[in-house]
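Notes follow once the structure below has been shown.
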Amino acid sequence: MKTRWFTRTAGIVLVLIMVWQFVHRGLVVVTDVNPWKLFGFAMYCTPHQVKVRLAKMVGNRIRPMSKQEIPPEPRRALAIFERNRASLGMLHSHEDLARYLAESLPPTERFFIWVEVTTLDPATATLKTNLKAYPVRVEQ
Amino acid sequence: MIFALKSKSSAAPKPWIIERLVSLTADDHVAHLSSQLSAFASILLIHLASRDMVRYLEGQPSWRLWLALGFGLCFAASFFPAYRRFAYYGATAIATLKLVAVFPLNSNHSMVELVCILLIAMAYRPDGANLAVLSQSLRWLPILVFFFSGLQKMMMGTYFDGSFLAFSAASDTDFRAAFQWMLPEAEFARLQAIKPPGPYLFELMYPVVLSNLVYIGEIVVAGLLLMKRTRLVGLIGSMVMIVGIELVAKELFFGVLFANLVLLYAPRDWSKPALPWCCALYAVLLAVTAGLLPEFKFN
């Protein structure tokens with residue numbers, strides 16, 4: 001590559017890295033992207049623990065199910081979802097998993113994908129867990 | 001005559017802003033660039049090969065072995081000028097494949113490695129015409145990593161009161177050993193007794209001061225490396241920061257590569273003498289992982 005073009009290309013790469021840091025920060029705040037991942041230099045800033053479980057409606061409350069209650073195939077799908085969600089946050093949609101679960105779970109109960117994201121709250125120095133529960137629409 | 005000179009200079013193309021940005025890390029020591037950058041490229045290639053080999057020895061799938069062998073072949077080829085181009089292109093292709101295969105679990109370190117090998121491959125010319133710009137662009141990476149690491153710590157706000165370090169001392173095994181050594185027994189025992197959700201706070205003042213020095217230090221050394229007059233101080237400061245971080249986080253693999261990126265600021269070629277030492281260190285880490293040497297924890 002000619003020196004002039006290499007200089008410009010290298011400059012663009014460096015500027016992209018700089019701009020990405022701010023985009024990454026925005027994604028961490030808005031979509032729960034893992035600060036330790038995706039080329040944002042925010043390692044060792046906060047813990048980022050993601051737990052994904054299956055939950056079901058018991059009475060009028062959503063209750064997370066234990067591993068033993070979940071059949072092996074959905075359990076595997078949940079593990080893959082958890083792995084991707086731990087890096088990508090809400091950029092990794094729950095919809096494919098919900099559709100898959102809808103086909104493999106009994107239609108008699110209402111199920112939810114239960115996502116917990118735990119980080120360190122700087123205001124209180126305590127662990128704070130954000131919880132989201134996505135409904136799985138089992139076809140009747 | 002004056003008019004002729006003026007018209008000649010105005011005919012020269014004006015550099016783009018990004019060209020000027022890249023050249024901010026330029027300096028006058030250019031005589032050793034060829035051997036320094038060749039040595040750095042070799043360190044990067046043996047680093048990539050060793051890291052995947054360690055992952056394979058730790059029990060990860062066999063494709064890690066193939067990646068390690070691929071990078072190892074590139075490392076060997078990089079010593080022969082006739083094959084050097086293919087070594088850099090091949091390593092870039094393998095690193096890109098790895099990025100895609102591992103996504104989204106890639107570490108930030110692997111991204112820095114990819115940018116390094118990509119710049120080296122793009123810059124390659126047998127006449128070495130791009131070496132100065134390659135050196136300048138690689139020198140930007142420690143500045144960016146230090147500055148944005150410090151800035152992100154400030155934006156997250158968990159270093160002002162030391163809560164992230166207190167949390168890590170209380171729960172993370174990598175940090176625990178370092179804090180056990182740094183803190184008085186009673187304070188360490190108190191932190192260990194904190195149960196989730198906390199609060200995770202130090203009772204002593206000096207760990208809080210240390211916590212604040214981390215992001216301040218990262219931002220300051222980035223500035224010192226950027227300014228031509230303060231680069232030597234920046235180089236020393238960066239090495240102190242890297243050693244400090246390694247003592248706590250034990251990210252030996254990336255620490256060695258990152259230290260070598262910082263060494264590109266050295267007034268002499270320190271990369272070439274560093275190459276055999278880096279190879280020896282990676283050999284030790286491989287031997288530890290294979291169980292041939294006593295175990296110690298590193299990442």
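By order of appearance in the structure tokens: chains A, B, ..., then residues from 1 within every chain, and ligands from 1 in the order shown.
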Please, which residues of chain A lie no more than 8 Å from chain B when the count uses only C-alpha atoms, and can they be set out as a ChimeraX atom specification? /A:1-3,6-8,10-12,14-15,18,21,25,36-47,83-84,87-88,120-122,124-128
Write out as number ranges by chain the residues lying within 8 Å of Gly234 in chain B, counting only C-alpha atoms and excluding same-chain residues fewer than 3 positions away. B: 221-225, 230-231, 237-238
How many Å separate CA of Ala77 in chain B from CA of Gln36 in chain B?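 Value for the CA of Ala77 in chain B-CA of Gln36 in chain B distance: 17.3 Å.
Residues surrounding Ala170 in chain B within 7 Å are Ala166, Arg176, Leu191, Gln192 and Ile194 of chain B [only C-alpha atoms; sequence separation below 4 positions excluded].
Residues with any atom within 10 Å of Pro81 in chain B, counting only C-alpha atoms and excluding same-chain neighbours fewer than 5 positions away, are B:Phe86, B:Ala87, B:Pro126.
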